[in-house]
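Contents: one structure, followed by commentary.
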Number of protein chains: 2
Amino acid sequence: MARPGNPREKIMATAGKLFYEQGYNATGINQILEEAGVAKASLYSHFGSKEELGIAYLKEMSIAWFRAFFTAIGKKTIPEDRLLAIFSFLEDNMLKQEFMGCRFINMLAETGNNDMQQAIVAHKQQLRDQIHQLTVAACSQLPARDTKAIADTVYLLFEGAIVESKVYRDVWPIRSARKAVKQLAGIA
Amino acid sequence: MARPGNPREKIMATAGKLFYEQGYNATGINQILEEAGVAKASLYSHFGSKEELGIAYLKEMSIAWFRAFFTAIGKKTIPEDRLLAIFSFLEDNMLKQEFMGCRFINMLAETGNNDMQQAIVAHKQQLRDQIHQLTVAACSQLPARDTKAIADTVYLLFEGAIVESKVYRDVWPIRSARKAVKQLAGIA
DNA sequence: TTCATTATAGACAAATTTGTCTATAATGAA
DNA sequence: TTCATTATAGACAAATTTGTCTATAATGAA
C-alpha cells in the first residue's frame with residue numbers, strides 16, 4: 001500500500017484520489033490512512049483536521065489542474081488553436097481516467113465550509129480570467145464585438161461541458177461546446 | 001416541528017429541504033425524522049432504507065421541477081419568449097430561495113448508487129428534450145441551420161448557468177447565458 | 001363497535017466517524 | 001555518536017450513523 005514520498009505527500013495523493021472518486025463525505029480518514037500507508041498522527045500533525053485536509057486538497061489540486069491546463073494550451077501557438085485546445089484538454093482528461101467531473105464543483109455540492117468555498121470560487125475565477133484572455137487573443141482579428149460577453153459564453157460552455165460529460169458519461173457535451181465556440185469566435 | 005400531511009409526505013418534504021441544503025451524506029436519517037416529526041419506523045416502512053429515500057427524492061423532485069418549469073413557460077405564447085423564459089425561470093428560482101444549485105447535479109457528486117444516477121440522467125435527458133423542442137419552435141422562422149446543434153448549445157448554456165450561479169452566488173451566469181441564447185437563436 | 005392497518009416513542013445494536021494520546025522506533029543534522 | 005524531530009502502531013473515547021425491534025396508541029373501513 002505504501003506510496004512514494006513523505007507522509008504528507010502520500011496522504012495528499014491518496015486523498016486526492018478518494019475524494020474525487022468517492023466524494024469528500026463518503027471518504028473516511030481511516031480509509032485514506034490505510035491506503036496511503038501512513039499513521040493517523042501524521043495526518044493530524046500535518047493537517048490538523050479533515051476539513052483542513054479538504055482545504056489543502058482544493059488548493060493543491062487547483063495548482064495541479066492549471067499546470068496541466070497550461071501545458072495543454074502551451075502546445076499551440078495560433079490564438080484560435082489555443083482557445084479550442086481547452087476543449088481537447090477536457091476531452092483528454094475525460095478519456096484518460098474514470099471521469100467524475102470537476103473536483104471543485106463536486107466538493108461545492110458537499111461542503112458548507114467557508115474556506116473550501118473560497119478556494120473553489122478562486123479556482124473558477126482564475127479559469128474565467130484565463131478563458132477571457134484566450135478569447136481576446138483568438139478574437140482580436142475579428143470585427144469589433146463584445147469580446148467580454150463572448151468570453152463568458154465560452155466559459156459557461158466549458159463548465160457546462162464538464163458537468164454534462166459527467167452526467168452522460170460521454171464526450172458529446174465537450175464536442176458540442178467546442179463547435180459552438182468555433183462558431184461564436186468566428187473560427188473557420 | 002410537525003408538518004402537514006401524512007408521514008410519507010412529511011418525510012419527503014423535510015428530506016427535500018435537507019438533502020438540498022446540506023447534501024445527502026451530510027444529512028442523517030435522525031435529523032430528517034426529528035424535523036419532520038415522524039417516527040423512525042415510519043421511514044423504514046415507507047422507504048426501506050436511506051438509499052431508497054434518496055431514489056424516491058430524486059424522482060419526486062424531478063416531477064416537481066418540471067411542473068414549475070412548464071408553469072413558467074406556459075405563461076408565454078411566442079416561441080422566442082418561451083425559449084428565453086427558461087432563463088427567467090432559473091433567475092426567479094435563484095432569487096427566491098437560498099440557492100444551492102441543481103439538486104440533481106449535487107446528488108450526482110455524492111452518490112455511486114446506480115438507481116440514483118439513472119434518475120439523474122433521466123431528469124437531464126428530459127430537460128434536454130424539452131429545450132430541443134423549445135429551440136426548434138423558436139428557430140423555425142429562421143434560415144435553415146443546424147437546429148439540433150443550437151439546441152444542445154442552449155442546453156449546455158442552461159446547465160452552465162445553473163452551476164456557475166451557484167459558484168458565484170450571482171445571477172450573472174444566467175443573464176450571460178440568456179444573452180448568448182438570444183444571439184444564437186437570432187432573437188431580436 | 002370491531003379489528004386490521006398504520007403510526008409512535010424510544011431502546012438497542014453494530015458499525016463507523018473524527019480526533020487524542022501513549023509508548024516506541026526511525027531519521028537526519030550537528 | 002548524540003539528540004531533537006518526525007513517524008509509527010494502535011488503543012481509546014465520544015459521538016454519530018443506519019437500521020431493527022417492541023410495546024403501545026391512533027385511525028378508519030366494515
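Here's how to read the names in the C-alpha cells: chain A, B, ... by the order shown, residue numbers from 1 in each chain, ligand numbers from 1 in the order shown.
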Present chain A as a short mmCIF file (atom, residue, chain, number, x, y, z; two decimals) with C-alpha atoms, in the first residue's frame, least-squares fitted onto chain B over all of its C-alpha atoms paired in order.
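Once written, part-v7.cif looks like this:
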```cif
data_model
loop_
_atom_site.label_atom_id
_atom_site.label_comp_id
_atom_site.auth_asym_id
_atom_site.auth_seq_id
_atom_site.Cartn_x
_atom_site.Cartn_y
_atom_site.Cartn_z
CA MET A 1 -41.97 20.62 14.22
CA ALA A 2 -44.93 18.68 12.82
CA ARG A 3 -45.54 19.43 9.16
CA PRO A 4 -48.86 18.98 7.40
CA GLY A 5 -49.60 15.76 5.57
CA ASN A 6 -49.17 12.07 6.23
CA PRO A 7 -45.84 10.69 7.46
CA ARG A 8 -44.61 9.84 3.99
CA GLU A 9 -45.21 13.37 2.75
CA LYS A 10 -43.69 14.89 5.84
CA ILE A 11 -40.54 12.81 5.43
CA MET A 12 -40.26 13.73 1.76
CA ALA A 13 -40.79 17.43 2.39
CA THR A 14 -38.14 17.51 5.09
CA ALA A 15 -35.68 15.31 3.20
CA GLY A 16 -36.22 17.53 0.15
CA LYS A 17 -35.19 20.55 2.14
CA LEU A 18 -32.26 18.98 3.99
CA PHE A 19 -30.74 16.98 1.13
CA TYR A 20 -30.75 20.19 -0.89
CA GLU A 21 -29.41 22.50 1.79
CA GLN A 22 -26.87 20.22 3.48
CA GLY A 23 -26.28 17.49 0.95
CA TYR A 24 -27.29 13.84 1.04
CA ASN A 25 -24.40 12.37 3.00
CA ALA A 26 -24.28 15.23 5.48
CA THR A 27 -27.94 14.68 6.34
CA GLY A 28 -28.66 11.90 8.82
CA ILE A 29 -31.90 9.98 8.95
CA ASN A 30 -32.36 11.09 12.56
CA GLN A 31 -32.34 14.76 11.63
CA ILE A 32 -34.97 14.19 8.96
CA LEU A 33 -37.15 12.28 11.42
CA GLU A 34 -36.82 14.89 14.12
CA GLU A 35 -37.57 17.84 11.87
CA ALA A 36 -40.40 16.03 10.15
CA GLY A 37 -41.88 14.97 13.49
CA VAL A 38 -42.24 11.38 12.35
CA ALA A 39 -41.30 8.04 13.91
CA LYS A 40 -38.27 6.15 12.68
CA ALA A 41 -40.27 3.04 11.85
CA SER A 42 -42.44 5.12 9.52
CA LEU A 43 -39.44 6.00 7.40
CA TYR A 44 -38.34 2.40 7.15
CA SER A 45 -41.81 1.09 6.41
CA HIS A 46 -42.33 3.66 3.63
CA PHE A 47 -38.89 3.67 2.05
CA GLY A 48 -36.93 0.70 3.31
CA SER A 49 -33.59 2.46 3.51
CA LYS A 50 -31.92 5.84 3.21
CA GLU A 51 -30.84 4.98 -0.33
CA GLU A 52 -34.41 4.20 -1.34
CA LEU A 53 -35.46 7.53 0.14
CA GLY A 54 -32.75 9.15 -1.97
CA ILE A 55 -34.08 7.50 -5.10
CA ALA A 56 -37.68 8.50 -4.33
CA TYR A 57 -36.45 12.01 -3.57
CA LEU A 58 -34.85 12.36 -7.00
CA LYS A 59 -37.88 11.03 -8.83
CA GLU A 60 -40.37 13.20 -7.00
CA MET A 61 -38.23 16.30 -7.21
CA SER A 62 -37.86 15.80 -10.95
CA ILE A 63 -41.63 15.79 -11.34
CA ALA A 64 -41.95 18.89 -9.17
CA TRP A 65 -39.18 20.64 -11.08
CA PHE A 66 -40.81 20.07 -14.45
CA ARG A 67 -44.17 21.13 -13.09
CA ALA A 68 -42.67 24.51 -12.16
CA PHE A 69 -40.72 24.64 -15.42
CA PHE A 70 -43.84 24.14 -17.56
CA THR A 71 -45.81 26.62 -15.49
CA ALA A 72 -43.14 29.24 -16.15
CA ILE A 73 -43.01 28.52 -19.87
CA GLY A 74 -46.79 28.28 -20.10
CA LYS A 75 -47.15 31.98 -19.35
CA LYS A 76 -45.60 32.79 -22.74
CA THR A 77 -47.05 32.10 -26.17
CA ILE A 78 -44.49 33.45 -28.62
CA PRO A 79 -41.90 30.70 -29.27
CA GLU A 80 -38.94 33.05 -28.81
CA ASP A 81 -40.31 34.18 -25.45
CA ARG A 82 -40.90 30.62 -24.39
CA LEU A 83 -37.28 29.71 -25.01
CA LEU A 84 -35.98 32.73 -23.13
CA ALA A 85 -38.43 32.05 -20.30
CA ILE A 86 -36.32 29.12 -19.15
CA PHE A 87 -33.66 31.58 -18.06
CA SER A 88 -36.12 33.82 -16.27
CA PHE A 89 -37.34 30.69 -14.53
CA LEU A 90 -33.79 29.98 -13.40
CA GLU A 91 -33.29 33.53 -12.21
CA ASP A 92 -36.54 33.51 -10.24
CA ASN A 93 -35.55 30.25 -8.57
CA MET A 94 -32.16 31.63 -7.74
CA LEU A 95 -33.55 34.75 -6.10
CA LYS A 96 -36.41 33.01 -4.34
CA GLN A 97 -34.55 30.63 -2.06
CA GLU A 98 -31.13 30.08 -0.63
CA PHE A 99 -29.88 28.88 -3.98
CA MET A 100 -27.79 25.73 -3.79
CA GLY A 101 -27.67 24.98 -7.50
CA CYS A 102 -29.13 21.92 -9.15
CA ARG A 103 -30.33 19.16 -6.80
CA PHE A 104 -29.59 16.53 -9.40
CA ILE A 105 -26.05 17.65 -10.16
CA ASN A 106 -25.44 17.96 -6.44
CA MET A 107 -26.60 14.44 -5.77
CA LEU A 108 -24.51 13.13 -8.65
CA ALA A 109 -21.43 14.43 -6.84
CA GLU A 110 -22.29 12.36 -3.78
CA THR A 111 -23.67 9.07 -4.88
CA GLY A 112 -22.38 5.95 -6.55
CA ASN A 113 -25.85 4.38 -6.39
CA ASN A 114 -26.98 3.16 -9.77
CA ASP A 115 -30.67 3.92 -9.41
CA MET A 116 -29.91 7.43 -8.27
CA GLN A 117 -27.58 8.01 -11.20
CA GLN A 118 -30.24 6.72 -13.56
CA ALA A 119 -32.87 9.04 -12.10
CA ILE A 120 -30.50 11.96 -12.54
CA VAL A 121 -29.67 11.13 -16.16
CA ALA A 122 -33.38 10.63 -16.90
CA HIS A 123 -34.13 14.06 -15.49
CA LYS A 124 -31.44 15.76 -17.55
CA GLN A 125 -32.38 13.88 -20.68
CA GLN A 126 -35.94 15.08 -20.34
CA LEU A 127 -34.69 18.63 -19.91
CA ARG A 128 -32.51 18.30 -22.96
CA ASP A 129 -35.51 17.09 -24.97
CA GLN A 130 -37.65 19.97 -23.78
CA ILE A 131 -35.00 22.52 -24.63
CA HIS A 132 -34.68 20.91 -28.02
CA GLN A 133 -38.39 21.35 -28.67
CA LEU A 134 -38.38 24.94 -27.47
CA THR A 135 -35.38 25.69 -29.67
CA VAL A 136 -36.93 24.15 -32.77
CA ALA A 137 -40.06 26.23 -32.23
CA ALA A 138 -38.12 29.42 -31.62
CA CYS A 139 -35.86 28.96 -34.64
CA SER A 140 -38.49 27.77 -37.14
CA GLN A 141 -38.77 31.11 -38.93
CA LEU A 142 -35.05 31.38 -39.36
CA PRO A 143 -32.79 30.48 -42.28
CA ALA A 144 -32.01 26.79 -42.30
CA ARG A 145 -29.38 25.93 -39.73
CA ASP A 146 -28.37 23.06 -37.58
CA THR A 147 -31.16 23.46 -35.04
CA LYS A 148 -30.14 20.35 -33.14
CA ALA A 149 -26.67 21.77 -32.54
CA ILE A 150 -28.15 25.08 -31.42
CA ALA A 151 -30.46 23.23 -29.03
CA ASP A 152 -27.51 21.47 -27.40
CA THR A 153 -25.67 24.75 -27.10
CA VAL A 154 -28.69 26.22 -25.35
CA TYR A 155 -28.81 23.20 -23.07
CA LEU A 156 -25.12 23.49 -22.18
CA LEU A 157 -25.50 27.21 -21.52
CA PHE A 158 -28.51 26.48 -19.33
CA GLU A 159 -26.61 23.89 -17.31
CA GLY A 160 -23.53 26.06 -17.12
CA ALA A 161 -25.71 28.92 -15.88
CA ILE A 162 -27.18 26.85 -13.03
CA VAL A 163 -23.83 25.58 -11.83
CA GLU A 164 -22.00 28.88 -12.11
CA SER A 165 -24.71 30.96 -10.48
CA LYS A 166 -24.14 28.70 -7.51
CA VAL A 167 -20.36 29.09 -7.64
CA TYR A 168 -20.52 32.89 -7.86
CA ARG A 169 -23.72 33.27 -5.84
CA ASP A 170 -24.79 35.69 -8.52
CA VAL A 171 -27.17 35.96 -11.44
CA TRP A 172 -24.54 36.98 -13.98
CA PRO A 173 -24.14 33.49 -15.44
CA ILE A 174 -27.89 33.27 -16.04
CA ARG A 175 -28.01 36.70 -17.68
CA SER A 176 -24.97 35.95 -19.82
CA ALA A 177 -26.39 32.62 -20.92
CA ARG A 178 -29.69 34.25 -21.79
CA LYS A 179 -27.99 36.91 -23.92
CA ALA A 180 -25.92 34.30 -25.69
CA VAL A 181 -29.05 32.30 -26.49
CA LYS A 182 -30.76 35.39 -27.86
CA GLN A 183 -27.94 35.90 -30.30
CA LEU A 184 -27.63 32.24 -31.16
CA ALA A 185 -31.30 31.87 -31.97
CA GLY A 186 -31.30 35.18 -33.82
CA ILE A 187 -33.85 36.72 -31.51
CA ALA A 188 -34.07 40.51 -31.68
#
```
Give the helix (DSSP H, G or I) residues of segment 8-185 of chain B, as assigned by DSSP on the backbone, as a PyMOL selection string. chain B and resi 8-22+29-36+40-47+50-74+79-96+103-108+114-139+147-168+172-184
Checklist line | Exercise answer, chain C residues close to chain B, 10 Å and only C-alpha atoms (C1' of nucleotides), as a count of residues only | finding: 5
* DA30 of chain C: which residues within 12 Å, counting only C-alpha atoms (C1' of nucleotides), same-chain residues fewer than 3 positions away excluded, as a list in words? ->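 Residues near the query, excluding close chain neighbours: DT1, DT2, DC3 and DA4 of chain D.
Here atom C1' of DT17 of chain D is placed at a distance of 10.2 Å from atom C1' of DA14 of chain C.
Our summary of the geometry notes that atom C1' of DT5 of chain C is positioned 20.0 Å from atom C1' of DT20 of chain D.
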